[in-house]
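What follows is the content of structure_38.pdb (PDB, C-alpha atoms and all ligand atoms).
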```pdb
ATOM      1  CA  MET A 108     158.786  76.736  87.419
ATOM      2  CA  GLU A 109     160.674  78.844  84.878
ATOM      3  CA  LYS A 110     160.682  82.603  85.508
ATOM      4  CA  ILE A 111     159.778  85.194  82.852
ATOM      5  CA  LEU A 112     160.405  88.922  83.264
ATOM      6  CA  VAL A 113     157.426  90.896  81.893
ATOM      7  CA  SER A 114     156.794  94.626  81.464
ATOM      8  CA  ALA A 115     154.498  95.416  84.392
ATOM      9  CA  CYS A 116     152.076  97.432  82.226
ATOM     10  CA  LEU A 117     151.393  94.321  80.080
ATOM     11  CA  LEU A 118     150.100  92.591  83.192
ATOM     12  CA  GLY A 119     147.628  95.383  83.980
ATOM     13  CA  ASP A 120     149.811  97.448  86.319
ATOM     14  CA  ASN A 121     148.995 101.174  85.938
ATOM     15  CA  CYS A 122     152.627 102.209  85.581
ATOM     16  CA  LYS A 123     152.357 103.724  82.089
ATOM     17  CA  TYR A 124     153.428 107.397  81.706
ATOM     18  CA  ASP A 125     149.745 108.495  81.629
ATOM     19  CA  GLY A 126     148.741 106.314  84.601
ATOM     20  CA  GLY A 127     147.170 103.586  82.443
ATOM     21  CA  ASN A 128     148.278 100.112  81.428
ATOM     22  CA  ASN A 129     148.692  97.883  78.369
ATOM     23  CA  LEU A 130     147.008  94.737  79.709
ATOM     24  CA  ASN A 131     147.558  91.724  77.475
ATOM     25  CA  GLU A 132     145.296  88.788  78.395
ATOM     26  CA  PHE A 133     147.444  86.174  76.670
ATOM     27  CA  ILE A 134     150.606  87.202  78.501
ATOM     28  CA  LEU A 135     148.662  87.287  81.763
ATOM     29  CA  SER A 136     147.451  83.720  81.119
ATOM     30  CA  LEU A 137     151.072  82.519  81.029
ATOM     31  CA  ARG A 138     150.974  82.661  84.861
ATOM     32  CA  GLU A 139     149.542  79.159  84.629
ATOM     33  CA  TYR A 140     152.834  77.781  83.289
ATOM     34  CA  TYR A 141     155.516  80.242  84.427
ATOM     35  CA  ASP A 142     156.577  82.304  87.386
ATOM     36  CA  ILE A 143     155.847  85.781  85.983
ATOM     37  CA  ILE A 144     158.006  88.629  87.358
ATOM     38  CA  PRO A 145     156.443  92.080  86.667
ATOM     39  CA  PHE A 146     158.979  94.859  86.189
ATOM     40  CA  CYS A 147     158.710  98.509  85.145
ATOM     41  CA  PRO A 148     162.181  99.961  84.438
ATOM     42  CA  GLU A 149     160.983 103.583  84.451
ATOM     43  CA  VAL A 150     159.358 103.299  87.868
ATOM     44  CA  GLU A 151     162.341 101.296  89.176
ATOM     45  CA  GLY A 152     164.565 104.051  87.777
ATOM     46  CA  GLY A 153     162.885 106.546  90.109
ATOM     47  CA  LEU A 154     160.340 108.213  87.790
ATOM     48  CA  PRO A 155     156.840 109.010  89.094
ATOM     49  CA  THR A 156     153.487 107.859  87.620
ATOM     50  CA  PRO A 157     151.945 109.661  85.831
ATOM     51  CA  ARG A 158     154.954 111.324  84.197
ATOM     52  CA  SER A 159     155.882 113.217  81.116
ATOM     53  CA  PRO A 160     156.414 110.901  78.097
ATOM     54  CA  SER A 161     160.020 110.349  77.061
ATOM     55  CA  GLU A 162     161.757 109.415  73.810
ATOM     56  CA  ILE A 163     165.290 108.498  72.784
ATOM     57  CA  LYS A 164     167.209 111.036  70.733
ATOM     58  CA  ASN A 165     170.956 110.964  70.025
ATOM     59  CA  ALA A 166     171.459 108.119  72.548
ATOM     60  CA  LEU A 167     169.880 110.194  75.323
ATOM     61  CA  VAL A 168     166.377 110.004  76.799
ATOM     62  CA  VAL A 169     164.548 113.299  76.973
ATOM     63  CA  ASN A 170     160.992 113.948  78.199
ATOM     64  CA  LYS A 171     158.453 116.167  76.475
ATOM     65  CA  GLU A 172     159.500 119.137  78.643
ATOM     66  CA  GLY A 173     163.056 118.755  77.408
ATOM     67  CA  LYS A 174     164.468 117.321  80.631
ATOM     68  CA  ASP A 175     167.212 114.673  80.294
ATOM     69  CA  VAL A 176     166.079 111.547  82.118
ATOM     70  CA  THR A 177     168.757 109.175  80.763
ATOM     71  CA  ARG A 178     170.088 108.496  84.279
ATOM     72  CA  ASN A 179     166.683 107.107  85.388
ATOM     73  CA  PHE A 180     166.482 104.866  82.295
ATOM     74  CA  LEU A 181     170.010 103.551  82.851
ATOM     75  CA  LEU A 182     169.217 102.804  86.498
ATOM     76  CA  GLY A 183     166.040 100.900  85.480
ATOM     77  CA  ALA A 184     168.031  98.841  82.961
ATOM     78  CA  GLU A 185     170.718  98.051  85.547
ATOM     79  CA  LYS A 186     168.085  96.846  88.019
ATOM     80  CA  ALA A 187     166.502  94.609  85.342
ATOM     81  CA  VAL A 188     169.896  93.040  84.641
ATOM     82  CA  SER A 189     170.632  92.466  88.363
ATOM     83  CA  LEU A 190     167.205  90.919  88.933
ATOM     84  CA  SER A 191     167.556  88.626  85.899
ATOM     85  CA  LYS A 192     170.963  87.424  87.063
ATOM     86  CA  LEU A 193     169.726  86.924  90.619
ATOM     87  CA  LEU A 194     166.643  84.905  89.617
ATOM     88  CA  GLY A 195     168.208  83.125  86.630
ATOM     89  CA  ILE A 196     165.718  84.670  84.181
ATOM     90  CA  ARG A 197     166.292  83.589  80.572
ATOM     91  CA  ILE A 198     163.143  84.982  78.906
ATOM     92  CA  ALA A 199     161.630  88.479  78.934
ATOM     93  CA  ILE A 200     158.465  89.837  77.324
ATOM     94  CA  LEU A 201     158.585  93.616  76.980
ATOM     95  CA  LYS A 202     156.313  96.336  75.626
ATOM     96  CA  GLU A 203     157.125  97.348  72.072
ATOM     97  CA  ASN A 204     157.756 101.067  71.154
ATOM     98  CA  SER A 205     158.797 102.121  74.671
ATOM     99  CA  PRO A 206     162.162 103.941  75.217
ATOM    100  CA  SER A 207     162.796 101.413  78.018
ATOM    101  CA  CYS A 208     161.090  98.221  76.844
ATOM    102  CA  GLY A 209     160.931  98.526  73.019
ATOM    103  CA  VAL A 210     162.331  95.354  71.429
ATOM    104  CA  ARG A 211     162.487  96.335  67.737
ATOM    105  CA  LYS A 212     160.728  99.690  67.428
ATOM    106  CA  ILE A 213     160.996 102.966  69.346
ATOM    107  CA  HIS A 214     159.758 106.545  68.814
ATOM    108  CA  ASP A 215     162.142 108.763  66.866
ATOM    109  CA  GLY A 216     162.443 111.525  69.495
ATOM    110  CA  SER A 217     160.225 114.047  67.685
ATOM    111  CA  PHE A 218     157.139 113.347  69.879
ATOM    112  CA  GLN A 219     155.185 113.106  66.625
ATOM    113  CA  ASN A 220     154.322 109.412  67.089
ATOM    114  CA  HIS A 221     156.891 108.323  64.463
ATOM    115  CA  LEU A 222     158.417 104.901  64.917
ATOM    116  CA  ILE A 223     161.921 103.857  63.873
ATOM    117  CA  ASP A 224     163.963 100.672  64.208
ATOM    118  CA  GLY A 225     165.724 100.505  67.562
ATOM    119  CA  GLU A 226     165.492  99.145  71.076
ATOM    120  CA  GLY A 227     164.834 100.525  74.531
ATOM    121  CA  PHE A 228     167.507 100.778  77.224
ATOM    122  CA  THR A 229     166.271  97.791  79.257
ATOM    123  CA  ALA A 230     165.606  95.547  76.260
ATOM    124  CA  SER A 231     169.112  96.246  74.972
ATOM    125  CA  ALA A 232     170.747  95.569  78.371
ATOM    126  CA  LEU A 233     168.872  92.255  78.803
ATOM    127  CA  LYS A 234     169.861  91.091  75.322
ATOM    128  CA  ARG A 235     173.490  91.807  76.151
ATOM    129  CA  ILE A 236     173.443  89.345  79.066
ATOM    130  CA  GLY A 237     171.840  86.610  76.927
ATOM    131  CA  VAL A 238     168.187  86.952  77.921
ATOM    132  CA  LYS A 239     165.816  86.081  75.059
ATOM    133  CA  VAL A 240     163.699  89.206  74.690
ATOM    134  CA  TYR A 241     160.273  89.101  73.011
ATOM    135  CA  SER A 242     157.633  91.772  72.594
ATOM    136  CA  GLU A 243     153.865  91.424  73.022
ATOM    137  CA  LYS A 244     153.639  91.629  69.211
ATOM    138  CA  ASP A 245     155.644  88.442  68.697
ATOM    139  CA  GLU A 246     154.067  85.005  68.209
ATOM    140  CA  LEU A 247     154.244  83.699  71.777
ATOM    141  CA  SER A 248     152.057  80.595  71.576
ATOM    142  CA  PHE A 249     155.232  78.448  71.643
ATOM    143  CA  LEU A 250     155.503  79.364  75.330
ATOM    144  CA  ILE A 251     152.454  77.216  76.137
ATOM    145  CA  PRO A 252     153.780  73.747  76.940
ATOM    146  CA  GLN A 253     152.352  70.911  74.828
ATOM    147  CA  LYS A 254     150.203  68.463  76.757
ATOM    148  CA  LYS A 255     151.659  64.970  76.949
ATOM    149  CA  GLU A 256     149.525  62.182  75.486
ATOM    150  CA  THR A 257     148.019  59.879  78.105
ATOM    151  CA  PRO A 258     149.574  56.400  77.869
ATOM    152  CA  THR A 259     147.312  53.634  76.571
ATOM    153  CA  GLU A 260     145.735  51.449  79.241
ATOM    154  CA  PHE A 261     147.578  48.204  79.976
ATOM    155  CA  VAL A 262     145.419  45.114  79.370
ATOM    156  CA  SER A 263     146.799  41.738  80.449
ATOM    157  CA  TYR A 264     146.500  38.604  78.302
ATOM    158  CA  LYS A 265     144.022  37.154  80.823
ATOM    159  CA  GLU A 266     141.696  40.130  80.474
ATOM    160  CA  ARG A 267     142.019  40.092  76.705
ATOM    161  CA  GLY A 268     141.036  36.382  76.728
ATOM    162  CA  LYS A 269     137.965  37.138  78.824
ATOM    163  CA  LYS A 270     136.942  39.929  76.475
ATOM    164  CA  ALA A 271     137.314  37.622  73.483
ATOM    165  CA  GLU A 272     135.196  34.952  75.217
ATOM    166  CA  ASN A 273     132.427  37.454  75.921
ATOM    167  CA  ARG A 274     132.518  38.634  72.340
ATOM    168  CA  ILE A 275     132.127  35.062  71.062
ATOM    169  CA  LYS A 276     129.195  34.487  73.448
ATOM    170  CA  GLU A 277     127.518  37.606  72.141
ATOM    171  CA  GLU A 278     128.046  36.567  68.545
ATOM    172  CA  LYS A 279     126.890  32.917  68.990
ATOM    173  CA  PRO A 280     123.097  33.528  68.847
ATOM    174  CA  ARG A 281     123.660  35.563  65.693
ATOM    175  CA  ARG A 282     125.518  32.689  64.067
ATOM    176  CA  ASP A 283     122.756  30.189  65.098
ATOM    177  CA  VAL A 284     120.148  32.309  63.372
ATOM    178  CA  MET A 285     122.283  32.366  60.226
ATOM    179  CA  LYS A 286     122.628  28.557  60.380
ATOM    180  CA  LYS A 287     118.842  28.112  60.465
ATOM    181  CA  LYS A 288     118.491  30.237  57.389
ATOM    182  CA  THR A 289     120.646  27.862  55.206
ATOM    183  CA  PRO A 290     118.274  25.597  53.197
ATOM    184  CA  TYR A 291     120.292  22.348  53.395
ATOM    185  CA  SER A 292     122.886  20.741  55.616
ATOM    186  CA  LYS A 293     126.164  19.603  54.020
ATOM    187  CA  LYS A 294     124.744  16.086  53.534
ATOM    188  CA  ASP A 295     121.514  17.443  51.988
ATOM    189  CA  ARG A 296     123.496  19.519  49.564
ATOM    190  CA  PHE A 297     125.552  16.444  48.524
ATOM    191  CA  ASP A 298     122.438  14.263  48.063
ATOM    192  CA  LYS A 299     120.735  16.976  46.099
ATOM    193  CA  GLY A 300     123.728  17.131  43.764
ATOM    194  CA  HIS A 301     123.617  13.349  43.473
ATOM    195  CA  ARG A 302     119.902  13.343  42.571
ATOM    196  CA  ASP A 303     120.319  16.083  40.022
ATOM    197  CA  ASN A 304     123.179  14.279  38.305
ATOM    198  CA  PRO A 305     121.727  11.673  35.805
ATOM    199  CA  LYS A 306     125.008   9.703  35.607
ATOM    200  CA  GLY A 307     124.755   8.743  39.272
ATOM    201  CA  ARG A 308     126.970   9.124  42.254
ATOM    202  CA  LYS A 309     129.868   7.106  40.845
ATOM    203  CA  SER A 310     130.390   9.557  38.049
ATOM    204  CA  PHE A 311     131.566  12.180  40.535
ATOM    205  CA  GLY A 312     135.104  13.087  39.543
ATOM    206  CA  HIS A 313     135.531   9.995  37.328
ATOM    207  CA  ASP A 314     134.481   9.406  33.728
ATOM    208  CA  LYS A 315     134.405   5.709  32.639
ATOM    209  CA  ASN A 316     134.766   6.587  28.964
ATOM    210  CA  LYS A 317     137.775   8.755  29.484
ATOM    211  CA  LYS A 318     141.095   7.062  28.668
ATOM    212  CA  SER A 319     143.737   7.420  31.301
ATOM    213  CA  PHE A 320     147.383   7.059  30.510
ATOM    214  CA  PRO A 321     149.826   5.680  33.075
ATOM    215  CA  LYS A 322     152.835   7.758  33.905
ATOM    216  CA  LYS A 323     155.761   7.275  31.584
ATOM    217  CA  GLY A 324     158.378   4.853  32.878
ATOM    218  CA  ASN A 325     156.358   3.602  35.801
ATOM    219  CA  SER A 326     153.684   1.394  34.118
ATOM    220  CA  ARG A 327     153.534  -2.413  34.156
ATOM    221  CA  PHE A 328     154.371  -2.424  30.449
ATOM    222  CA  SER A 329     157.598  -0.498  30.873
ATOM    223  CA  ARG A 330     158.532  -2.576  33.979
ATOM    224  CA  ASN A 331     158.172  -5.828  31.968
ATOM    225  CA  LYS A 332     160.218  -4.296  29.217
ATOM    226  CA  ARG A 333     163.011  -3.488  31.658
ATOM    227  CA  GLU A 334     162.915  -6.962  33.199
ATOM    228  CA  LYS A 335     163.188  -8.627  29.743
ATOM    229  CA  LYS A 336     166.285  -6.570  28.996
ATOM    230  CA  TYR A 337     168.311  -8.155  31.789
TER     231      TYR A 337
HETATM  232  S1  LIG B   1     158.706 101.328  81.223
HETATM  233 FE1  LIG B   1     158.030  99.435  80.315
HETATM  234  S2  LIG B   1     156.857  98.506  81.909
HETATM  235 FE2  LIG B   1     157.027 100.624  82.490
HETATM  236  S3  LIG B   1     155.222 101.552  81.643
HETATM  237 FE3  LIG B   1     156.829 101.754  80.119
HETATM  238  S4  LIG B   1     156.550 100.027  78.778
HETATM  239 FE4  LIG B   1     155.419  99.578  80.623
END
```

Could you render the structure from this file as structure tokens?
Amino acid sequence: MEKILVSACLLGDNCKYDGGNNLNEFILSLREYYDIIPFCPEVEGGLPTPRSPSEIKNALVVNKEGKDVTRNFLLGAEKAVSLSKLLGIRIAILKENSPSCGVRKIHDGSFQNHLIDGEGFTASALKRIGVKVYSEKDELSFLIPQKKETPTEFVSYKERGKKAENRIKEEKPRRDVMKKKTPYSKKDRFDKGHRDNPKGRKSFGHDKNKKSFPKKGNSRFSRNKREKKY
């Protein structure tokens, strides 16, 4: 089973800075198809939970109290890279907007809830080693494997013959009923036509008064003519 590295808070782990989580039911349901590896870079980097929120400013990570926590964020990113290499992880799903996990957006460092384009320390480090990094905001339905169509049932010629026989048997009474409904047999229909025709039976397809011409070149007359020539 393929392994996917996922931000632990997206799986319901209370590792968020305020002690909560960001549970995402869809990502959790991927456990059915993948080996999900939960990972929180900030906790792995040695930070406690709950903790003061942090943001990236001038390539450093600073918490709300002004303390530089860059070292913890770098350690968390390093651990994520080591784990991915060790387990052969090629896909990661990380929490958007986080200074560790943000994939496309992060806070601007003003602690005013302003977002800017950028990526968290761990997301950036994983991308550098070739891991495909997605956020929970991306369209992830492609990760659900398509179900294979069940092959059609094999039916031998013998069985097909039997089925056809049964079908004919079923249809036979229906055909008999239809036969009874026809007013005349073939012979009756012919005789009826004969009775209705005043010229009689002989006139069928042949008219005595109609002149017929023999084919050119093959009549008795033309044969005699040829014989006289020689
Ligand atoms: S560091 Fe990542 S996994 Fe940990 S709480 Fe923040 S967003 Fe979630």

(request) Could you jot down the CA of Leu135 (chain A) to CA of Gly195 (chain A) separation for me, Å, one decimal place? (result)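 Computing it gives 20.6 Å between the two atoms.
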
(message) Calculated over only C-alpha atoms and all ligand atoms, which of the candidates A:Ser189, A:Ser159, A:Asn204, A:Asn170 has the smallest distance to ligand LIG 1 (chain B)?
(response)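 Closest to ligand LIG 1 (chain B) of all the choices is A:Asn204.
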
(request) Compute the distance from (145.1, 98.8, 80.2) to each atom, counting all atoms listed in the file, keep the residues with any atom at most 9 Å away, and return them as a list in words; use the coordinates of the file. (result)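 Counting all atoms listed in the file, I find these residues within 9 Å of (145.1, 98.8, 80.2): Cys116, Leu117, Leu118, Gly119, Asp120, Asn121, Lys123, Gly127, Asn128, Asn129, Leu130 and Asn131 of chain A.
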
Could those selected residues go to a file with C-alpha atoms, as a PDB file, keeping the file's coordinate frame?
```pdb
ATOM      1  CA  CYS A 116     152.076  97.432  82.226  1.00  0.00           C
ATOM      2  CA  LEU A 117     151.393  94.321  80.080  1.00  0.00           C
ATOM      3  CA  LEU A 118     150.100  92.591  83.192  1.00  0.00           C
ATOM      4  CA  GLY A 119     147.628  95.383  83.980  1.00  0.00           C
ATOM      5  CA  ASP A 120     149.811  97.448  86.319  1.00  0.00           C
ATOM      6  CA  ASN A 121     148.995 101.174  85.938  1.00  0.00           C
ATOM      7  CA  LYS A 123     152.357 103.724  82.089  1.00  0.00           C
ATOM      8  CA  GLY A 127     147.170 103.586  82.443  1.00  0.00           C
ATOM      9  CA  ASN A 128     148.278 100.112  81.428  1.00  0.00           C
ATOM     10  CA  ASN A 129     148.692  97.883  78.369  1.00  0.00           C
ATOM     11  CA  LEU A 130     147.008  94.737  79.709  1.00  0.00           C
ATOM     12  CA  ASN A 131     147.558  91.724  77.475  1.00  0.00           C
TER      13      ASN A 131
END
```

(message) If we count all atoms listed in the file and set the cut-off at 7 Å, which residues sit around Val113 (chain A), ignoring sequence neighbours fewer than 3 positions away in its own chain? Please answer as a PyMOL selection string.
(response) chain A and resi 143-146+199-201

Residues selected by the PyMOL selection byres (((not hetatm)) within 7 of (chain B and resi 1)), written as a PDB file with C-alpha atoms, keeping the file's coordinate frame:
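Writing done, so here's selection22.pdb:
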```pdb
ATOM      1  CA  SER A 114     156.794  94.626  81.464  1.00  0.00           C
ATOM      2  CA  ALA A 115     154.498  95.416  84.392  1.00  0.00           C
ATOM      3  CA  CYS A 116     152.076  97.432  82.226  1.00  0.00           C
ATOM      4  CA  LEU A 117     151.393  94.321  80.080  1.00  0.00           C
ATOM      5  CA  CYS A 122     152.627 102.209  85.581  1.00  0.00           C
ATOM      6  CA  LYS A 123     152.357 103.724  82.089  1.00  0.00           C
ATOM      7  CA  TYR A 124     153.428 107.397  81.706  1.00  0.00           C
ATOM      8  CA  PHE A 146     158.979  94.859  86.189  1.00  0.00           C
ATOM      9  CA  CYS A 147     158.710  98.509  85.145  1.00  0.00           C
ATOM     10  CA  PRO A 148     162.181  99.961  84.438  1.00  0.00           C
ATOM     11  CA  GLU A 149     160.983 103.583  84.451  1.00  0.00           C
ATOM     12  CA  VAL A 150     159.358 103.299  87.868  1.00  0.00           C
ATOM     13  CA  LEU A 201     158.585  93.616  76.980  1.00  0.00           C
ATOM     14  CA  LYS A 202     156.313  96.336  75.626  1.00  0.00           C
ATOM     15  CA  SER A 205     158.797 102.121  74.671  1.00  0.00           C
ATOM     16  CA  SER A 207     162.796 101.413  78.018  1.00  0.00           C
ATOM     17  CA  CYS A 208     161.090  98.221  76.844  1.00  0.00           C
TER      18      CYS A 208
END
```

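From CA of Gly237 (chain A) back to CA of Pro252 (chain A), the distance works out to 22.2 Å.
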
(message) Just the number, please: distance in Å from CA of Gly152 (chain A) to CA of Lys234 (chain A), one decimal.
(response) 18.7 Å

(request) Compare A:Leu222, A:Ile163, A:Ile251, A:Val168 by their minimum atom-to-atom distance to Tyr140 (chain A), counting all atoms listed in the file, and give me the closest one. (result)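 Selected residue with least distance to Tyr140 (chain A): A:Ile251.
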
Put a box with edges along x, y and z around all the listed atoms of region 141-157 of chain A, pad it by 6 Å on each side, then give me its centre and sizes in Å, one decimal, as lines of an AutoDock Vina configuration file.
```
center_x = 158.3
center_y = 95.0
center_z = 87.3
size_x = 24.6
size_y = 41.4
size_z = 17.7
```

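Distance check against Val169 (chain A) using only C-alpha atoms: of A:Asn273, A:Ser191, A:Ser217, A:Thr156, the minimum falls on A:Ser217.
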
Which residues would end up in the selection if the PyMOL selection byres (((chain A and resi 227) around 6) and not hetatm) were applied here, given that I need the answer as a CSV table (one decimal) with C-alpha atoms, in the coordinates of the input?
```csv
chain,number,residue,atom,x,y,z
A,206,PRO,CA,162.2,103.9,75.2
A,207,SER,CA,162.8,101.4,78.0
A,208,CYS,CA,161.1,98.2,76.8
A,209,GLY,CA,160.9,98.5,73.0
A,226,GLU,CA,165.5,99.1,71.1
A,228,PHE,CA,167.5,100.8,77.2
A,229,THR,CA,166.3,97.8,79.3
A,230,ALA,CA,165.6,95.5,76.3
```

(request) Would you mind telling me which residue in A:Asp245, A:Glu185, A:Val262, A:Pro160 lies nearest to Asn220 (chain A) when using only C-alpha atoms? (result)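 Ranked by minimum distance to Asn220 (chain A), first place goes to A:Pro160.
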